[in-house]
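A.B. asks: Dropping the structure in here first, questions after.
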Amino acid sequence: MTLSFQQILSRISFSVLAALIGICFALPLIWFLFAPFNARAELGLEIPSPFTLKNFFTVFENTFAMRGLLNSFIQSIGGVVLVGFAATLAAYALSRSDIPGKKSITYLLLLFSSVVSGSAAMVPIFLIVSKLGLIDTHVAVILVFAGGLLPTAMFILRDFIDGIPKSYEESAMVAGASSMQAFRDVALPVIRPGIVVVVVWAFVNIWGSFLIPFILLRSDELMPASVAIYSFYSEAGTPIVTLLAAYALIYSFPVISLYLFVNWKFGFRFFGGIKA
Amino acid sequence: MKNFSLLSVRAGTLFFSPAAALVGAFVIVPFFWVIFVSFTNRTLLGKTALNPEFVGFDNYVALFNMETFFTRGQFGFSLILTIQFVLLSALIGQALLGMILAWLLQSTPKYVKVFSESAVIVAWILPEVVIGFAWFAFLDYDNGTLNMLTTALGLEPGDWLLDNPFWVIVFFNTWRGAAFSMMLFNSAFASLPPSYFQAADVAGATSFQKFKDIALPLIKGHVVTDLILITMWTFNVFTPFLLTQGGPSYRTELLSIYTYRVAFKDFEFGKGAAVGVVIMLINLAFALFYLRIAKQKHKGAE
């Protein structure tokens with residue numbers, strides 16, 4: 001196909017415009033690309049000379065910073081295990097059993113979960129957690145996230161399981177398997193990719209969250225990295241930029257690598273529609 | 001075979017119960033509890049922390065007190081600010097920019113596409129605190145990248161967070177969330193049959209004509225979905241707090257940040273809960289609208 005002059009012109013202007021928008025989006029992050037590798041980094045944009053990993057070693061030696069990462073990890077893993085476990089069982093029940101009203105259950109759960117947002121429910125969540133005596137514990141953060149993420153997780157997994165032919169488990173049961181065996185040995189291995197997606201999604205959500213740990217936790221020993229980073233740059237006058245930039249990059253690493261993993265394995269679409 | 005059930009009702013109920021307990025305790029109970037608390041004068045500290053009194057609609061009357069309604073730092077100011085924020089940063093910013101990007105990137109060379117797409121998506125996937133910190137550095141008056149650029153272009157450096165905090169959070173949120181709309185419209189455009197556009201090419205249509213007359217009418221459903229979802233998210237977003245803490249002097253205090261301040265800084269739980277109820281009502285309207293459309297679409301697909 002030959003292109004007319006006009007078409008070539010429009011293609012070039014499209015590319016220039018798209019590249020310009022891309023550059024505008026990259027601008028606020030360029031500093032963040034260099035500062036972690038600069039031993040003398042300040043808030044100004046400066047290409048490090050020499051490139052150094054010294055800032056990262058300083059972070060690794062800082063017990064408060066490392067404890068923050070560990071706390072993020074504890075809360076994320078705890079939440080993910082709970083969400084993965086409860087969502088798989090519940091989604092299987094919603095797809096395969098005849099519990100009454102399962103259509104309206106799904107509908108209601110979705111409705112509730114979109115109405116009860118963190119900003120609307122921070123007061124009662126705080127009150128419930130205090131009533132349970134769980135203020136300032138990892139368990140509080142884990143339970144609150146599990147409850148909040150479960151409706152979406154169940155919905156995704158139920159759709160996934162609905163797409164699997166029932167005949168898989170039926171033939172196993174005709175061959176004499178119990179329904180538990182059919183679930184564990186036949187259905188579960190087929191559902192696994194769906195569970196991986198839900199688990200990764202839940203992990204990224206909890207790992208990156210700020211508001212819930214910010215209101216439920218008080219002691220420094222339990223703060224996840226998100227709250228630690230925030231208090232570093234917002235409270236303490238001039239922040240120690242070198243340490244903080246390196247720390248923020250380390251903290252971002254799991255999210256970026258999980259994103260690349262999901263993108264490589266399943267493509268965009270899964271991630272696209274379901275970010276809370 | 002009709003009664004052959006893979007999972008008995010009893011087993012199904014058992015399977016469902018852990019999730020039901022968690023969602024019940026941390027989603028459904030809060031929903032009712034926030035309504036209850038909003039009718040009390042509960043505080044975080046002091047006598048009314050232990051023995052809150054029932055005060056009827058007092059909290060709501062205080063919120064909608066017309067004498068102070070529009071004053072900075074009051075409910076009405078935050079509500080209007082949030083509506084402006086949603087209109088400018090979500091509906092105009094994210095959706096329009098995402099749409100333009102998705103359309104442009106269809107016909108750009110691969111390396112431009114990969115670069116621009118990655119830049120937009122990175123802004124979206126990084127944890128919110130990291131984004132807050134990056135923008136804190138970006139906007140710094142003395143050394144920040146933005147003022148470096150304005151000075152290089154011969155313009156005055158600006159103290160953006162002090163002089164134009166509202167526009168900062170509008171641009172901030174547009175930047176943060178455009179990726180979702182871009183990806184949604186991207187897949188919407190990709191689902192259109194290429195033959196439609198080839199026919200238009202033969203007729204000599206310009207790109208804008210193809211967009212307006214072929215693509216846009218066909219992806220109307222996607223547009224509605226996108227607009228509702230980003231409206232709901234932006235309406236509830238707390239992330240600007242990480243950049244401005246709602247200030248200076250309440251000028252970026254969105255409803256979510258207002259709730260936080262009233263409940264956890266001023267310790268007025270009853271009033272904070274009343275704000276929460278208003279937020280939930282608005283969420284409910286959007287969610288019902290969305291679920292209705294999603295249902296219709298589902299039926300249409302069958």
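If you're wondering about the labels, chains in the structure tokens are A, B, ... by order shown, residues count from 1 in each chain, ligands from 1 in order shown.
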Using only C-alpha atoms, find each residue in chain B having at least one atom no more than 7 Å away from chain A; report its shortest atom-to-atom pair and that distance in Å (one decimal), rows by chain then rising number, as a Markdown table.

C.D. replies:
```
| residue | atom | partner | partner_atom | distance |
| --- | --- | --- | --- | --- |
| B:Ser5 | CA | A:Ser97 | CA | 6.6 |
| B:Leu6 | CA | A:Arg96 | CA | 6.0 |
| B:Leu7 | CA | A:Ser97 | CA | 4.7 |
| B:Ser8 | CA | A:Ser97 | CA | 5.9 |
| B:Val9 | CA | A:Ile99 | CA | 5.1 |
| B:Gly12 | CA | A:Ala93 | CA | 4.7 |
| B:Thr13 | CA | A:Ile99 | CA | 6.7 |
| B:Phe15 | CA | A:Leu89 | CA | 5.0 |
| B:Phe16 | CA | A:Ala90 | CA | 4.2 |
| B:Pro18 | CA | A:Ala86 | CA | 5.6 |
| B:Ala19 | CA | A:Ala86 | CA | 5.0 |
| B:Leu22 | CA | A:Gly147 | CA | 4.8 |
| B:Val23 | CA | A:Gly147 | CA | 4.4 |
| B:Phe26 | CA | A:Gly147 | CA | 5.2 |
| B:Val27 | CA | A:Gly147 | CA | 6.3 |
| B:Ile28 | CA | A:Phe112 | CA | 6.9 |
| B:Pro30 | CA | A:Pro124 | CA | 5.1 |
| B:Phe31 | CA | A:Val116 | CA | 6.3 |
| B:Trp33 | CA | A:Pro124 | CA | 6.0 |
| B:Val34 | CA | A:Pro124 | CA | 5.3 |
| B:Leu101 | CA | A:Ala18 | CA | 6.6 |
| B:Leu104 | CA | A:Phe14 | CA | 5.8 |
| B:Leu105 | CA | A:Ala18 | CA | 6.8 |
| B:Ser107 | CA | A:Arg11 | CA | 6.8 |
| B:Thr108 | CA | A:Ser15 | CA | 5.1 |
| B:Val112 | CA | A:Ala19 | CA | 5.9 |
| B:Phe115 | CA | A:Gly22 | CA | 6.7 |
| B:Ser116 | CA | A:Gly22 | CA | 3.9 |
| B:Ala119 | CA | A:Ala26 | CA | 5.3 |
| B:Val120 | CA | A:Phe25 | CA | 5.9 |
| B:Leu126 | CA | A:Ser252 | CA | 6.3 |
| B:Pro127 | CA | A:Gly208 | CA | 4.6 |
| B:Glu128 | CA | A:Gly208 | CA | 6.5 |
| B:Val129 | CA | A:Ser226 | CA | 5.9 |
| B:Val130 | CA | A:Ala248 | CA | 5.9 |
| B:Phe133 | CA | A:Tyr233 | CA | 6.9 |
| B:Ala134 | CA | A:Phe32 | CA | 6.2 |
| B:Trp135 | CA | A:Pro28 | CA | 6.1 |
| B:Ala137 | CA | A:Leu43 | CA | 5.2 |
| B:Phe138 | CA | A:Pro28 | CA | 5.5 |
| B:Asp140 | CA | A:Leu43 | CA | 7.0 |
| B:Asn143 | CA | A:Gly44 | CA | 4.2 |
| B:Gly144 | CA | A:Gly44 | CA | 5.1 |
| B:Thr145 | CA | A:Leu45 | CA | 5.9 |
| B:Trp175 | CA | A:Phe25 | CA | 6.6 |
| B:Phe180 | CA | A:Gly272 | CA | 6.4 |
| B:Met183 | CA | A:Gly272 | CA | 6.8 |
| B:Asn236 | CA | A:Ser119 | CA | 6.1 |
| B:Ser256 | CA | A:Ser119 | CA | 4.9 |
| B:Ala263 | CA | A:Val123 | CA | 6.8 |
| B:Phe269 | CA | A:Val123 | CA | 6.5 |
| B:Gly272 | CA | A:Val123 | CA | 6.9 |
| B:Ala273 | CA | A:Val123 | CA | 6.0 |
| B:Gly276 | CA | A:Ala120 | CA | 4.0 |
| B:Val277 | CA | A:Ala120 | CA | 6.7 |
| B:Ile279 | CA | A:Ala120 | CA | 5.8 |
| B:Met280 | CA | A:Val115 | CA | 5.3 |
| B:Asn283 | CA | A:Val115 | CA | 5.0 |
| B:Leu284 | CA | A:Val115 | CA | 5.4 |
| B:Ala287 | CA | A:Leu111 | CA | 6.4 |
```

A.B. asks: Show which residues sit within 12 Å of stretch 213-219 of chain B, as a list in words. Count only C-alpha atoms, and ignore same-chain residues fewer than 5 positions away.

C.D. replies: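 Contacts, in chain order: Met99, Ile100, Ala102, Trp103, Leu184, Phe185, Asn186, Ser187, Ala188, Phe189, Ala190, Ser191, Leu192, Pro193, Pro194, Ser195, Tyr196, Phe197, Gln198, Ala199, Ala200, Asp201, Ala205, Thr206, Ser207, Phe208, Val224, Thr225 and Asp226 of chain B.
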
A.B. asks: Just give me the gap between atom CA of B:Thr231 and atom CA of B:Gln84 in Å, one decimal is fine.

C.D. replies: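 Answer for the atom CA of B:Thr231 to atom CA of B:Gln84 separation: 11.3 Å.
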
A.B. asks: Using only C-alpha atoms, pick whichever of A:Leu9, A:Ile47, A:Val200, A:Ile164 has the shortest atom-to-atom distance to A:Leu188.

C.D. replies: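 With only C-alpha atoms as the atom set, the closest residue is A:Ile164.
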
A.B. asks: May I have the residues within 10 Å of stretch 68-75 of chain B as a PyMOL selection string, using only C-alpha atoms and disregarding those fewer than 2 positions away in the same chain?

C.D. replies: chain B and resi 62-66+77-81+246-247+249-255+258-259+261-262+275

A.B. asks: For the selection you just gave me, I'd like the residues written to a file as a CSV table (one decimal), in the first residue's frame, keeping C-alpha atoms.

C.D. replies:
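Writing the result to result.csv gives the following:
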```
chain,number,residue,atom,x,y,z
B,62,ALA,CA,-23.8,20.4,61.2
B,63,LEU,CA,-22.5,19.1,57.8
B,64,PHE,CA,-25.2,20.9,55.9
B,65,ASN,CA,-25.2,24.1,58.0
B,66,MET,CA,-25.6,26.6,55.2
B,77,PHE,CA,-16.2,23.1,50.4
B,78,SER,CA,-14.7,19.6,50.3
B,79,LEU,CA,-17.8,18.2,48.4
B,80,ILE,CA,-17.6,20.8,45.7
B,81,LEU,CA,-13.8,20.5,45.5
B,246,GLY,CA,-5.1,18.3,52.2
B,247,GLY,CA,-3.4,21.7,52.5
B,249,SER,CA,-5.2,25.7,54.5
B,250,TYR,CA,-7.6,23.0,53.3
B,251,ARG,CA,-7.3,23.9,49.6
B,252,THR,CA,-6.9,20.3,48.5
B,253,GLU,CA,-9.0,18.7,51.2
B,254,LEU,CA,-11.0,16.2,49.1
B,255,LEU,CA,-13.9,14.4,50.9
B,258,TYR,CA,-11.8,15.6,55.1
B,259,THR,CA,-13.2,12.4,56.6
B,261,ARG,CA,-9.1,14.8,59.4
B,262,VAL,CA,-12.4,15.1,61.1
B,275,VAL,CA,-19.4,12.1,56.0
```

A.B. asks: Enumerate, as number ranges by chain, the complete set of residues in stretch 11-253 of chain A that a backbone-based DSSP assignment places in alpha helix (DSSP H).

C.D. replies: A: 11-34, 54-61, 63-96, 102-115, 118-131, 138-162, 167-174, 179-181, 188-207, 211-216, 225-235, 241-253

A.B. asks: For B:Gly98, which residue out of B:Pro240, B:Asn147, B:Met182, B:Gln296 is the nearest one, using only C-alpha atoms?

C.D. replies: B:Met182

A.B. asks: So, counting only C-alpha atoms, which residue among A:Asp185, A:Pro193, A:Tyr168, A:His138 is closest to A:Ile212?

C.D. replies: A:His138

A.B. asks: Let me make sure I understand: among A:Ala41, A:Leu53, A:Val199, A:Ala65, which one has the smallest atom-to-atom distance to A:Ile77 if we use only C-alpha atoms?

C.D. replies: A:Val199

A.B. asks: Could you list, as a list of chain:residue names, every residue within 10 Å of A:Gly163, counting only C-alpha atoms and ignoring same-chain residues fewer than 5 positions away?

C.D. replies: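 What passes the distance filter is A:Ser95, A:Leu157, A:Arg158, A:Ile191.
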
A.B. asks: Residues of the last selection are to be written out with N, CA and C atoms, as a short mmCIF file (atom, residue, chain, number, x, y, z; two decimals), in the first residue's frame.

C.D. replies:
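Final output, saved to part_30.cif:
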```cif
data_model
loop_
_atom_site.label_atom_id
_atom_site.label_comp_id
_atom_site.auth_asym_id
_atom_site.auth_seq_id
_atom_site.Cartn_x
_atom_site.Cartn_y
_atom_site.Cartn_z
N SER A 95 -19.78 -21.42 42.08
CA SER A 95 -19.86 -21.93 40.72
C SER A 95 -20.49 -23.31 40.66
N LEU A 157 -12.53 -15.20 40.33
CA LEU A 157 -12.33 -16.65 40.35
C LEU A 157 -13.59 -17.40 39.94
N ARG A 158 -14.76 -16.86 40.35
CA ARG A 158 -15.99 -17.54 39.96
C ARG A 158 -16.15 -17.54 38.44
N ILE A 191 -7.75 -24.70 38.17
CA ILE A 191 -8.05 -23.33 38.60
C ILE A 191 -6.77 -22.54 38.90
#
```
